[in-house]
$ cat entry22.pdb   # PDB, C-alpha atoms and all ligand atoms
ATOM      1  CA  MET A   1       0.000   0.000   0.000
ATOM      2  CA  THR A   2       1.332   3.444  -0.927
ATOM      3  CA  GLN A   3       2.180   5.668   2.049
ATOM      4  CA  HIS A   4       1.663   9.412   1.530
ATOM      5  CA  PHE A   5       4.052  12.216   2.526
ATOM      6  CA  ILE A   6       4.371  15.943   1.743
ATOM      7  CA  VAL A   7       6.717  18.848   2.297
ATOM      8  CA  ILE A   8       4.908  22.110   3.074
ATOM      9  CA  GLY A   9       6.553  25.413   2.192
ATOM     10  CA  ASN A  10       6.316  28.741   0.382
ATOM     11  CA  PRO A  11       8.032  28.798  -2.046
ATOM     12  CA  ILE A  12       8.250  25.029  -2.503
ATOM     13  CA  ALA A  13       9.028  24.322  -6.176
ATOM     14  CA  HIS A  14      12.800  24.170  -5.441
ATOM     15  CA  SER A  15      12.495  21.519  -2.704
ATOM     16  CA  LYS A  16      14.656  18.429  -3.233
ATOM     17  CA  SER A  17      12.743  16.435  -0.606
ATOM     18  CA  PRO A  18      10.586  14.358  -3.003
ATOM     19  CA  GLU A  19      13.661  13.003  -4.847
ATOM     20  CA  ILE A  20      15.523  12.372  -1.577
ATOM     21  CA  HIS A  21      12.651  10.455   0.009
ATOM     22  CA  GLN A  22      12.106   8.340  -3.121
ATOM     23  CA  VAL A  23      15.735   7.200  -2.847
ATOM     24  CA  PHE A  24      15.120   6.308   0.815
ATOM     25  CA  ALA A  25      11.904   4.438  -0.092
ATOM     26  CA  ALA A  26      13.732   2.416  -2.767
ATOM     27  CA  GLN A  27      16.399   1.537  -0.200
ATOM     28  CA  ALA A  28      13.743   0.536   2.369
ATOM     29  CA  GLY A  29      11.732  -1.381  -0.244
ATOM     30  CA  ILE A  30       8.476   0.458   0.391
ATOM     31  CA  ASP A  31       6.066   2.305  -1.879
ATOM     32  CA  ILE A  32       5.590   6.005  -1.135
ATOM     33  CA  SER A  33       4.157   9.133  -2.685
ATOM     34  CA  TYR A  34       5.990  12.318  -1.608
ATOM     35  CA  GLN A  35       4.641  15.637  -2.955
ATOM     36  CA  ARG A  36       5.572  19.308  -2.688
ATOM     37  CA  GLN A  37       2.705  21.174  -1.004
ATOM     38  CA  TYR A  38       2.466  24.930  -1.559
ATOM     39  CA  CYS A  39       0.694  26.797   1.234
ATOM     40  CA  PRO A  40      -0.301  30.483   1.532
ATOM     41  CA  ASP A  41       1.800  32.174   4.202
ATOM     42  CA  ASP A  42      -0.770  32.474   7.008
ATOM     43  CA  THR A  43      -1.643  30.523  10.142
ATOM     44  CA  ALA A  44      -5.140  29.449   9.084
ATOM     45  CA  SER A  45      -3.981  28.085   5.723
ATOM     46  CA  PHE A  46      -1.131  26.162   7.305
ATOM     47  CA  GLY A  47      -3.457  24.594   9.902
ATOM     48  CA  ALA A  48      -5.958  23.672   7.182
ATOM     49  CA  VAL A  49      -3.285  22.049   4.969
ATOM     50  CA  VAL A  50      -1.941  19.963   7.865
ATOM     51  CA  GLU A  51      -5.424  18.892   8.968
ATOM     52  CA  ALA A  52      -6.567  17.969   5.458
ATOM     53  CA  PHE A  53      -3.390  15.969   4.836
ATOM     54  CA  PHE A  54      -3.562  13.876   8.001
ATOM     55  CA  ASN A  55      -7.364  13.479   7.862
ATOM     56  CA  GLY A  56      -6.869  12.146   4.341
ATOM     57  CA  GLY A  57      -4.602   9.374   5.616
ATOM     58  CA  GLY A  58      -1.210  11.079   5.193
ATOM     59  CA  VAL A  59       1.591   9.472   7.202
ATOM     60  CA  GLY A  60       4.107  12.279   7.594
ATOM     61  CA  ALA A  61       4.908  15.845   6.545
ATOM     62  CA  ASN A  62       8.079  17.877   6.370
ATOM     63  CA  VAL A  63       7.827  21.591   7.056
ATOM     64  CA  THR A  64      10.147  24.170   5.566
ATOM     65  CA  VAL A  65      10.480  27.968   5.292
ATOM     66  CA  PRO A  66       8.458  29.918   6.460
ATOM     67  CA  PHE A  67       6.338  27.468   8.468
ATOM     68  CA  LYS A  68       8.683  25.830  10.996
ATOM     69  CA  GLN A  69       7.620  28.136  13.842
ATOM     70  CA  LEU A  70       3.923  27.826  12.914
ATOM     71  CA  ALA A  71       4.257  24.035  12.963
ATOM     72  CA  TYR A  72       5.824  24.340  16.392
ATOM     73  CA  ALA A  73       2.888  26.431  17.651
ATOM     74  CA  LEU A  74       0.366  23.974  16.181
ATOM     75  CA  CYS A  75       2.002  20.988  17.885
ATOM     76  CA  GLU A  76       2.382  22.908  21.126
ATOM     77  CA  SER A  77      -1.350  23.700  21.207
ATOM     78  CA  LYS A  78      -2.752  20.486  19.697
ATOM     79  CA  GLY A  79      -0.262  17.716  20.292
ATOM     80  CA  GLY A  80       3.278  17.094  21.394
ATOM     81  CA  LEU A  81       6.872  18.084  20.694
ATOM     82  CA  SER A  82      10.184  16.239  20.829
ATOM     83  CA  GLU A  83      12.908  17.752  23.008
ATOM     84  CA  HIS A  84      14.849  18.870  19.926
ATOM     85  CA  ALA A  85      11.762  20.634  18.522
ATOM     86  CA  ARG A  86      10.925  22.227  21.873
ATOM     87  CA  VAL A  87      14.425  23.623  22.358
ATOM     88  CA  ALA A  88      14.751  24.680  18.700
ATOM     89  CA  GLY A  89      11.348  26.403  18.854
ATOM     90  CA  ALA A  90      10.742  24.988  15.380
ATOM     91  CA  VAL A  91       9.362  21.815  13.786
ATOM     92  CA  ASN A  92      10.488  20.296  10.473
ATOM     93  CA  THR A  93       8.797  16.884  10.847
ATOM     94  CA  LEU A  94       5.118  16.182  11.554
ATOM     95  CA  LEU A  95       3.507  12.842  12.297
ATOM     96  CA  LEU A  96       0.556  11.451  14.198
ATOM     97  CA  LYS A  97       1.280   9.803  17.484
ATOM     98  CA  SER A  98      -1.033   8.102  19.912
ATOM     99  CA  ASP A  99      -1.592  10.257  22.956
ATOM    100  CA  GLU A 100      -2.551   8.048  25.890
ATOM    101  CA  SER A 101      -3.472  11.082  27.988
ATOM    102  CA  GLN A 102      -6.525  11.660  25.757
ATOM    103  CA  LYS A 103      -9.714   9.923  26.905
ATOM    104  CA  ASP A 104     -11.412  10.108  23.530
ATOM    105  CA  HIS A 105     -10.318   7.258  21.190
ATOM    106  CA  LEU A 106      -9.994   9.410  18.077
ATOM    107  CA  GLN A 107      -7.998  12.051  19.923
ATOM    108  CA  LYS A 108      -5.848   9.254  21.289
ATOM    109  CA  ILE A 109      -4.641   8.124  17.880
ATOM    110  CA  ASN A 110      -4.636  11.535  16.249
ATOM    111  CA  ALA A 111      -2.332  13.705  18.344
ATOM    112  CA  LEU A 112      -0.087  15.755  16.081
ATOM    113  CA  TYR A 113       3.566  15.372  17.017
ATOM    114  CA  GLY A 114       6.383  17.661  15.946
ATOM    115  CA  ASP A 115      10.075  16.853  15.786
ATOM    116  CA  ASN A 116      13.098  18.792  14.566
ATOM    117  CA  THR A 117      15.702  16.651  12.815
ATOM    118  CA  ASP A 118      17.859  19.484  11.376
ATOM    119  CA  GLY A 119      20.392  19.599  14.214
ATOM    120  CA  GLN A 120      20.795  15.849  14.559
ATOM    121  CA  GLY A 121      21.079  15.678  10.760
ATOM    122  CA  LEU A 122      24.086  18.017  10.986
ATOM    123  CA  VAL A 123      25.651  16.049  13.850
ATOM    124  CA  ASN A 124      25.175  12.737  12.003
ATOM    125  CA  HIS A 125      26.775  14.210   8.886
ATOM    126  CA  ILE A 126      29.780  15.508  10.830
ATOM    127  CA  ILE A 127      30.207  12.097  12.469
ATOM    128  CA  SER A 128      29.993  10.382   9.059
ATOM    129  CA  LEU A 129      32.784  12.682   7.822
ATOM    130  CA  GLY A 130      34.938  11.337  10.646
ATOM    131  CA  TRP A 131      35.295  14.756  12.276
ATOM    132  CA  PRO A 132      35.703  14.389  16.055
ATOM    133  CA  LEU A 133      33.061  16.101  18.212
ATOM    134  CA  ALA A 134      34.001  14.795  21.674
ATOM    135  CA  GLN A 135      35.490  17.718  23.649
ATOM    136  CA  ALA A 136      35.739  19.753  20.423
ATOM    137  CA  ARG A 137      36.120  23.530  20.574
ATOM    138  CA  VAL A 138      33.279  24.705  18.353
ATOM    139  CA  ALA A 139      32.280  28.122  17.016
ATOM    140  CA  ILE A 140      28.928  28.739  15.339
ATOM    141  CA  ILE A 141      28.562  31.873  13.232
ATOM    142  CA  GLY A 142      24.917  32.955  13.115
ATOM    143  CA  ALA A 143      22.136  33.103  15.684
ATOM    144  CA  GLY A 144      19.014  32.481  13.598
ATOM    145  CA  GLY A 145      16.775  29.432  13.333
ATOM    146  CA  ALA A 146      19.438  27.118  11.928
ATOM    147  CA  ALA A 147      21.917  27.907  14.728
ATOM    148  CA  ARG A 148      19.199  27.496  17.357
ATOM    149  CA  GLY A 149      18.366  24.013  16.065
ATOM    150  CA  VAL A 150      21.903  22.603  16.140
ATOM    151  CA  ILE A 151      23.095  23.724  19.569
ATOM    152  CA  LEU A 152      21.402  21.053  21.733
ATOM    153  CA  PRO A 153      22.368  18.162  19.402
ATOM    154  CA  LEU A 154      25.992  19.423  19.345
ATOM    155  CA  ILE A 155      26.090  19.626  23.143
ATOM    156  CA  GLN A 156      24.552  16.154  23.388
ATOM    157  CA  ALA A 157      27.275  14.932  21.001
ATOM    158  CA  GLY A 158      29.819  15.903  23.672
ATOM    159  CA  ILE A 159      31.491  19.060  22.382
ATOM    160  CA  GLY A 160      33.768  20.666  24.940
ATOM    161  CA  GLN A 161      33.457  24.374  24.274
ATOM    162  CA  LEU A 162      30.999  26.553  22.349
ATOM    163  CA  THR A 163      31.206  30.116  21.063
ATOM    164  CA  ILE A 164      28.324  31.746  19.191
ATOM    165  CA  ALA A 165      29.270  34.698  16.992
ATOM    166  CA  ASN A 166      26.702  36.847  15.271
ATOM    167  CA  ARG A 167      26.591  40.081  13.249
ATOM    168  CA  THR A 168      24.051  41.368  15.783
ATOM    169  CA  LEU A 169      25.664  40.422  19.108
ATOM    170  CA  ASN A 170      22.464  40.944  21.108
ATOM    171  CA  LYS A 171      20.696  38.197  19.136
ATOM    172  CA  ALA A 172      23.409  35.702  20.109
ATOM    173  CA  GLU A 173      23.084  36.713  23.772
ATOM    174  CA  VAL A 174      19.277  36.372  23.691
ATOM    175  CA  LEU A 175      19.609  32.997  21.964
ATOM    176  CA  VAL A 176      21.876  31.652  24.713
ATOM    177  CA  GLU A 177      19.493  32.915  27.441
ATOM    178  CA  GLU A 178      16.506  31.308  25.735
ATOM    179  CA  LEU A 179      18.231  27.994  25.099
ATOM    180  CA  SER A 180      19.508  27.661  28.632
ATOM    181  CA  ALA A 181      15.986  28.408  29.936
ATOM    182  CA  ALA A 182      14.596  25.713  27.602
ATOM    183  CA  SER A 183      17.010  22.879  28.427
ATOM    184  CA  ASP A 184      18.932  21.772  31.520
ATOM    185  CA  ALA A 185      21.582  20.419  29.150
ATOM    186  CA  ILE A 186      22.475  23.962  28.056
ATOM    187  CA  ASN A 187      24.496  26.030  30.539
ATOM    188  CA  LYS A 188      24.538  29.695  29.530
ATOM    189  CA  HIS A 189      27.704  30.323  31.556
ATOM    190  CA  ALA A 190      29.578  27.736  29.472
ATOM    191  CA  ILE A 191      28.739  29.400  26.125
ATOM    192  CA  GLU A 192      30.666  32.431  24.915
ATOM    193  CA  THR A 193      29.126  35.011  22.598
ATOM    194  CA  CYS A 194      30.766  37.665  20.454
ATOM    195  CA  ALA A 195      30.244  39.792  17.359
ATOM    196  CA  THR A 196      31.247  37.971  14.157
ATOM    197  CA  THR A 197      34.031  40.490  13.546
ATOM    198  CA  GLU A 198      35.448  39.702  17.034
ATOM    199  CA  LEU A 199      35.638  35.928  16.522
ATOM    200  CA  THR A 200      39.343  35.040  16.753
ATOM    201  CA  GLY A 201      41.609  32.177  17.828
ATOM    202  CA  GLN A 202      41.879  28.464  17.177
ATOM    203  CA  PHE A 203      38.829  26.171  17.012
ATOM    204  CA  ASP A 204      38.446  22.535  16.101
ATOM    205  CA  LEU A 205      35.244  23.194  14.160
ATOM    206  CA  ILE A 206      33.649  26.382  12.825
ATOM    207  CA  ILE A 207      30.091  26.185  11.479
ATOM    208  CA  ASN A 208      28.660  28.882   9.250
ATOM    209  CA  ALA A 209      24.950  29.020  10.144
ATOM    210  CA  THR A 210      24.301  32.411   8.565
ATOM    211  CA  SER A 211      22.197  33.018   5.475
ATOM    212  CA  ILE A 212      24.987  35.119   3.941
ATOM    213  CA  GLY A 213      25.417  32.579   1.128
ATOM    214  CA  LEU A 214      22.019  33.665  -0.197
ATOM    215  CA  SER A 215      23.401  37.182  -0.807
ATOM    216  CA  ASP A 216      26.475  38.666  -2.466
ATOM    217  CA  ASP A 217      27.891  39.784   0.901
ATOM    218  CA  THR A 218      31.074  38.252   2.303
ATOM    219  CA  LEU A 219      31.383  37.099   5.880
ATOM    220  CA  PRO A 220      34.039  39.083   7.767
ATOM    221  CA  ILE A 221      36.652  36.562   8.947
ATOM    222  CA  ALA A 222      39.429  37.742  11.276
ATOM    223  CA  ASP A 223      42.957  36.978  10.108
ATOM    224  CA  ASP A 224      43.788  35.053  13.260
ATOM    225  CA  LEU A 225      40.687  32.833  13.136
ATOM    226  CA  ASN A 226      41.639  29.224  12.408
ATOM    227  CA  CYS A 227      40.113  25.750  12.531
ATOM    228  CA  HIS A 228      40.736  22.121  11.625
ATOM    229  CA  TYR A 229      37.228  21.656  10.188
ATOM    230  CA  ALA A 230      34.902  24.199   8.554
ATOM    231  CA  TYR A 231      31.239  23.449   7.825
ATOM    232  CA  ASP A 232      28.839  25.650   5.879
ATOM    233  CA  MET A 233      25.134  24.822   6.216
ATOM    234  CA  MET A 234      24.552  26.224   2.737
ATOM    235  CA  TYR A 235      24.966  23.961  -0.288
ATOM    236  CA  GLY A 236      24.659  24.049  -4.060
ATOM    237  CA  ARG A 237      26.961  27.003  -4.771
ATOM    238  CA  ALA A 238      30.549  28.192  -4.297
ATOM    239  CA  LEU A 239      31.042  29.101  -0.653
ATOM    240  CA  PRO A 240      33.777  31.694   0.107
ATOM    241  CA  PHE A 241      33.664  30.701   3.806
ATOM    242  CA  LEU A 242      34.798  27.159   2.930
ATOM    243  CA  GLN A 243      37.286  28.364   0.325
ATOM    244  CA  HIS A 244      38.908  30.616   2.964
ATOM    245  CA  PHE A 245      39.502  27.793   5.450
ATOM    246  CA  ALA A 246      40.392  25.186   2.795
ATOM    247  CA  ALA A 247      43.181  27.528   1.664
ATOM    248  CA  ARG A 248      44.484  27.425   5.258
ATOM    249  CA  GLY A 249      44.527  23.623   5.333
ATOM    250  CA  ALA A 250      41.197  22.882   7.014
ATOM    251  CA  GLN A 251      38.904  20.047   5.960
ATOM    252  CA  THR A 252      35.609  21.473   4.709
ATOM    253  CA  SER A 253      32.050  20.464   3.929
ATOM    254  CA  ASP A 254      28.920  22.150   2.687
ATOM    255  CA  GLY A 255      25.467  21.400   4.123
ATOM    256  CA  TYR A 256      24.240  18.933   1.519
ATOM    257  CA  GLY A 257      24.885  16.005   3.862
ATOM    258  CA  MET A 258      22.941  17.816   6.589
ATOM    259  CA  LEU A 259      20.003  18.095   4.199
ATOM    260  CA  ILE A 260      20.099  14.347   3.520
ATOM    261  CA  GLY A 261      20.726  13.606   7.195
ATOM    262  CA  GLN A 262      17.704  15.522   8.462
ATOM    263  CA  ALA A 263      15.535  13.937   5.748
ATOM    264  CA  ALA A 264      16.733  10.433   6.710
ATOM    265  CA  LEU A 265      15.800  11.031  10.337
ATOM    266  CA  SER A 266      12.298  12.202   9.300
ATOM    267  CA  PHE A 267      11.921   9.083   7.148
ATOM    268  CA  GLU A 268      13.036   6.902  10.038
ATOM    269  CA  ARG A 269      10.527   8.541  12.431
ATOM    270  CA  TRP A 270       7.699   7.924   9.950
ATOM    271  CA  THR A 271       8.490   4.435   8.680
ATOM    272  CA  ALA A 272      10.831   2.866  11.282
ATOM    273  CA  HIS A 273      13.218   2.000   8.401
ATOM    274  CA  THR A 274      16.869   2.943   9.022
ATOM    275  CA  ILE A 275      18.553   4.629   6.066
ATOM    276  CA  ASP A 276      22.141   4.164   4.905
ATOM    277  CA  VAL A 277      22.720   7.896   4.424
ATOM    278  CA  VAL A 278      26.141   7.543   2.778
ATOM    279  CA  LYS A 279      24.740   5.215   0.095
ATOM    280  CA  ALA A 280      21.663   7.415  -0.421
ATOM    281  CA  THR A 281      23.887  10.511  -0.776
ATOM    282  CA  GLU A 282      26.022   8.777  -3.431
ATOM    283  CA  ILE A 283      22.917   7.895  -5.461
ATOM    284  CA  LEU A 284      21.530  11.446  -5.174
ATOM    285  CA  LYS A 285      24.865  13.014  -6.179
ATOM    286  CA  GLN A 286      25.094  10.718  -9.226
ATOM    287  CA  ALA A 287      21.511  11.566 -10.210
ATOM    288  CA  SER A 288      22.156  15.324 -10.042
ATOM    289  CA  LYS A 289      25.225  15.177 -12.369
TER     290      LYS A 289
HETATM  291  P1  LIG A 301      17.798  33.152   9.741
HETATM  292  O1  LIG A 301      17.235  34.166   8.848
HETATM  293  O2  LIG A 301      17.008  32.651  10.899
HETATM  294  O3  LIG A 301      19.203  33.687  10.357
HETATM  295  C1  LIG A 301      20.144  34.283   9.514
HETATM  296  C2  LIG A 301      21.471  34.461  10.254
HETATM  297  O4  LIG A 301      22.429  34.900   9.288
HETATM  298  C3  LIG A 301      21.437  35.509  11.352
HETATM  299  O5  LIG A 301      22.312  35.131  12.382
HETATM  300  C4  LIG A 301      21.960  36.757  10.632
HETATM  301  O6  LIG A 301      22.585  37.711  11.478
HETATM  302  C5  LIG A 301      23.010  36.137   9.733
HETATM  303  N1  LIG A 301      23.278  36.973   8.556
HETATM  304  C6  LIG A 301      22.454  37.204   7.516
HETATM  305  N2  LIG A 301      23.033  38.021   6.616
HETATM  306  C7  LIG A 301      24.272  38.305   7.112
HETATM  307  C8  LIG A 301      25.354  39.106   6.667
HETATM  308  N3  LIG A 301      25.277  39.794   5.503
HETATM  309  N4  LIG A 301      26.465  39.174   7.414
HETATM  310  C9  LIG A 301      26.556  38.475   8.575
HETATM  311  N5  LIG A 301      25.562  37.705   9.076
HETATM  312  C10 LIG A 301      24.438  37.631   8.343
HETATM  313  O7  LIG A 301      18.237  31.928   8.787
HETATM  314  P2  LIG A 301      18.376  30.392   9.191
HETATM  315  O8  LIG A 301      19.071  30.319  10.481
HETATM  316  O9  LIG A 301      17.055  29.735   9.041
HETATM  317  O10 LIG A 301      19.271  29.787   8.000
HETATM  318  C11 LIG A 301      20.656  30.035   7.931
HETATM  319  C12 LIG A 301      21.284  29.214   6.821
HETATM  320  O11 LIG A 301      21.266  27.827   7.131
HETATM  321  C13 LIG A 301      20.596  29.376   5.463
HETATM  322  O12 LIG A 301      21.584  29.580   4.513
HETATM  323  C14 LIG A 301      19.919  28.037   5.235
HETATM  324  O13 LIG A 301      19.857  27.708   3.864
HETATM  325  C15 LIG A 301      20.852  27.092   5.987
HETATM  326  N6  LIG A 301      20.183  25.847   6.419
HETATM  327  C16 LIG A 301      20.625  24.662   5.893
HETATM  328  C17 LIG A 301      20.029  23.478   6.252
HETATM  329  C18 LIG A 301      20.524  22.207   5.652
HETATM  330  O14 LIG A 301      19.827  21.176   5.774
HETATM  331  N7  LIG A 301      21.690  22.195   5.055
HETATM  332  C19 LIG A 301      18.897  23.428   7.207
HETATM  333  C20 LIG A 301      18.530  24.735   7.729
HETATM  334  C21 LIG A 301      19.164  25.897   7.318
HETATM  335  P3  LIG A 301      21.726  38.873  12.213
HETATM  336  O15 LIG A 301      21.110  38.219  13.427
HETATM  337  O16 LIG A 301      22.717  39.897  12.539
HETATM  338  O17 LIG A 301      20.675  39.326  11.223
END
$ encode --input "entry22.pdb" --output "structure tokens" --more "lines below"
Ligand code: NDP
Amino acid sequence: MTQHFIVIGNPIAHSKSPEIHQVFAAQAGIDISYQRQYCPDDTASFGAVVEAFFNGGGVGANVTVPFKQLAYALCESKGGLSEHARVAGAVNTLLLKSDESQKDHLQKINALYGDNTDGQGLVNHIISLGWPLAQARVAIIGAGGAARGVILPLIQAGIGQLTIANRTLNKAEVLVEELSAASDAINKHAIETCATTELTGQFDLIINATSIGLSDDTLPIADDLNCHYAYDMMYGRALPFLQHFAARGAQTSDGYGMLIGQAALSFERWTAHTIDVVKATEILKQASK
């Protein structure tokens, strides 16, 4: 029997999720339909799309820009949230989960549940690259939604030291306050913050979590900023951030593996099939040549 999935976004035509999930389905040996679902950018429309999809027998939905926070609010009010979604304040994966606290039978099987697999997708990709995370000195540049989502998974992966640098310093400071209020695992006194221009010194890993790659701007990088590993969450274009550190001898990676990694975790939540992400990535890279 075909299982139905969607990715909800606006815009959505560019989404690679349908192709990625078909590769996963072939690997798992199951039959799926995975469609791009455009949605007008308002709360009522998003709620209606989600309700219609799951009432129609849909198994799982991915949520992308600009709906991750709306999906979080919907799950918070109508269902449940994973720890990663709660701390990230954003949901990228929706499914139905039985809620034993509900007396009514239909409510019991229909509770909407939101997860956020972005951060763990990044961590899994870094691990698959063989980059060590235990006790690593890590700097994240950026303090938006993507940075917020990766901090708890990185801490849970055992990093030793974390600095968050952002163009607008105050946003990094607020982020650290909010995260430490949301999770006992996050100690605000153990996280340093600074302006991006002030980020200096030696790190094991530096992650670019800014959206600068979408513009023609260049990230200011101090001359005495160095790392062994540089990761840019962007993918699909030349990335000056990675070129800078590669020229200084660092190993580098763009965020394509994070994209596949977060998708694989969504697929696993929905279908209970474990995906060989390295094999799936090879197939997808071949197909895009
Ligand atoms: P947000 O809009 O939430 O945050 C943007 C961040 O970038 C802010 O910290 C902002 O700083 C900073 N920034 C933007 N422009 C500049 C600039 N010109 N100079 C310096 N800093 C700048 O975006 P997201 O966090 O949602 O996304 C960030 C990136 O991560 C995007 O490129 C996105 O594509 C990528 N991403 C990749 C994923 C993957 O699977 N590979 C998954 C999720 C995201 P300030 O606060 O000062 O405005």
$ residues_near_ligand --input "entry22.pdb" --ligand "ligand LIG 301 (chain A)" --cutoff "9 Å" --atoms "only C-alpha atoms and all ligand atoms" --output "ChimeraX atom specification"
/A:64-66,118-119,121-122,141-149,165-172,195-196,208-220,232-235,254-263
$ resolve_selection --input "entry22.pdb" --expression "the PyMOL selection byres (((chain A and resi 59) around 10) and not hetatm)" --output "ChimeraX atom specification"
/A:3-6,32,53-58,60-61,94-96,270-271
$ write_last_selection --input "entry22.pdb" --atoms "C-alpha atoms" --output "CSV table (one decimal), keeping the file's coordinate frame"
chain,number,residue,atom,x,y,z
A,3,GLN,CA,2.2,5.7,2.0
A,4,HIS,CA,1.7,9.4,1.5
A,5,PHE,CA,4.1,12.2,2.5
A,6,ILE,CA,4.4,15.9,1.7
A,32,ILE,CA,5.6,6.0,-1.1
A,53,PHE,CA,-3.4,16.0,4.8
A,54,PHE,CA,-3.6,13.9,8.0
A,55,ASN,CA,-7.4,13.5,7.9
A,56,GLY,CA,-6.9,12.1,4.3
A,57,GLY,CA,-4.6,9.4,5.6
A,58,GLY,CA,-1.2,11.1,5.2
A,60,GLY,CA,4.1,12.3,7.6
A,61,ALA,CA,4.9,15.8,6.5
A,94,LEU,CA,5.1,16.2,11.6
A,95,LEU,CA,3.5,12.8,12.3
A,96,LEU,CA,0.6,11.5,14.2
A,270,TRP,CA,7.7,7.9,10.0
A,271,THR,CA,8.5,4.4,8.7
$ atom_distance --input "entry22.pdb" --atom1 "CA of Ala250 (chain A)" --atom2 "CA of Ala157 (chain A)"
21.3 Å
$ residues_around --input "entry22.pdb" --residues "Phe67 (chain A)" --least-positions-apart "2" --cutoff "10 Å" --atoms "all atoms listed in the file" --output "list in words"
Ile8, Gly9, Asn10, Cys39, Asp41, Asp42, Thr43, Phe46, Asn62, Val63, Thr64, Val65, Gln69, Leu70, Ala71, Tyr72, Ala73, Ala90, Val91 and Asn92 of chain A
$ closest_residue --input "entry22.pdb" --among "A:Thr193, A:His21, A:Tyr229, A:Pro153" --to "Glu173 (chain A)" --atoms "only C-alpha atoms"
A:Thr193
$ atom_distance --input "entry22.pdb" --atom1 "CA of Ala272 (chain A)" --atom2 "CA of Phe24 (chain A)"
11.8 Å
$ resolve_selection --input "entry22.pdb" --expression "the PyMOL selection byres (((chain A and resi 274) around 10) and not hetatm)" --output "list in words"
Phe24, Gln27, Ala28, Ala264, Leu265, Phe267, Glu268, Arg269, Thr271, Ala272, His273, Ile275, Asp276 and Val277 of chain A
$ write_last_selection --input "entry22.pdb" --atoms "C-alpha atoms" --output "tab-separated table (two decimals), in the frame of the given file"
chain	number	residue	atom	x	y	z
A	24	PHE	CA	15.12	6.31	0.82
A	27	GLN	CA	16.40	1.54	-0.20
A	28	ALA	CA	13.74	0.54	2.37
A	264	ALA	CA	16.73	10.43	6.71
A	265	LEU	CA	15.80	11.03	10.34
A	267	PHE	CA	11.92	9.08	7.15
A	268	GLU	CA	13.04	6.90	10.04
A	269	ARG	CA	10.53	8.54	12.43
A	271	THR	CA	8.49	4.43	8.68
A	272	ALA	CA	10.83	2.87	11.28
A	273	HIS	CA	13.22	2.00	8.40
A	275	ILE	CA	18.55	4.63	6.07
A	276	ASP	CA	22.14	4.16	4.90
A	277	VAL	CA	22.72	7.90	4.42
$ resolve_selection --input "entry22.pdb" --expression "the PyMOL selection byres (((chain A and resi 37) around 6) and not hetatm)" --output "PyMOL selection string"
chain A and resi 7-8+36+38
$ closest_residue --input "entry22.pdb" --among "A:Leu154, A:Leu179, A:Ala85, A:Leu112" --to "Lys97 (chain A)" --atoms "all atoms listed in the file"
A:Leu112
$ closest_atom_pairs --input "entry22.pdb" --of "region 107-135 of chain A" --to "region 75-82 of chain A" --cutoff "7 Å" --atoms "all atoms listed in the file" --output "JSON lines"
{"residue": "A:Ala111", "atom": "CA", "partner": "A:Gly79", "partner_atom": "CA", "distance": 4.9}
{"residue": "A:Leu112", "atom": "CA", "partner": "A:Gly79", "partner_atom": "CA", "distance": 4.6}
{"residue": "A:Tyr113", "atom": "CA", "partner": "A:Gly80", "partner_atom": "CA", "distance": 4.7}
{"residue": "A:Gly114", "atom": "CA", "partner": "A:Leu81", "partner_atom": "CA", "distance": 4.8}
{"residue": "A:Asp115", "atom": "CA", "partner": "A:Ser82", "partner_atom": "CA", "distance": 5.1}
$ write_last_selection --input "entry22.pdb" --atoms "C-alpha atoms" --output "compact mmCIF listing (two decimals), in the coordinates of the input"
# COMPACT_ATOMS: atom_id res chain seq x y z
CA ALA A 111 -2.33 13.70 18.34
CA LEU A 112 -0.09 15.76 16.08
CA TYR A 113 3.57 15.37 17.02
CA GLY A 114 6.38 17.66 15.95
CA ASP A 115 10.07 16.85 15.79
$ atom_distance --input "entry22.pdb" --atom1 "CA of Ile164 (chain A)" --atom2 "CA of Ile191 (chain A)"
7.3 Å
$ closest_atom_pairs --input "entry22.pdb" --of "region 170-250 of chain A" --to "region 133-137 of chain A" --cutoff "12 Å" --atoms "all atoms listed in the file" --output "Markdown table"
| residue | atom | partner | partner_atom | distance |
| --- | --- | --- | --- | --- |
| A:Ala190 | CA | A:Arg137 | CA | 11.8 |
| A:Ile191 | CA | A:Arg137 | CA | 10.9 |
| A:Glu192 | CA | A:Arg137 | CA | 11.3 |
| A:Gly201 | CA | A:Arg137 | CA | 10.6 |
| A:Gln202 | CA | A:Arg137 | CA | 8.3 |
| A:Phe203 | CA | A:Arg137 | CA | 5.2 |
| A:Asp204 | CA | A:Arg137 | CA | 5.1 |
| A:Leu205 | CA | A:Arg137 | CA | 6.5 |
| A:Ile206 | CA | A:Arg137 | CA | 8.6 |
| A:Ile207 | CA | A:Arg137 | CA | 11.2 |
| A:Asn226 | CA | A:Arg137 | CA | 11.4 |
| A:Cys227 | CA | A:Arg137 | CA | 9.2 |
| A:His228 | CA | A:Arg137 | CA | 10.2 |
| A:Tyr229 | CA | A:Ala136 | CA | 10.5 |
$ residues_around --input "entry22.pdb" --residues "Lys285 (chain A)" --least-positions-apart "3" --cutoff "12 Å" --atoms "only C-alpha atoms" --output "PyMOL selection string"
chain A and resi 16+19-20+23+236+256-257+260+277-282+288-289
$ axis_aligned_box --input "entry22.pdb" --around "region 265-268 of chain A" --padding-each-side "6 Å" --output "lines of an AutoDock Vina configuration file"
center_x = 13.9
center_y = 9.6
center_z = 8.7
size_x = 15.9
size_y = 17.3
size_z = 15.2
$ closest_residue --input "entry22.pdb" --among "A:Ala230, A:Leu199, A:Leu239, A:Leu152" --to "Gln251 (chain A)" --atoms "only C-alpha atoms"
A:Ala230
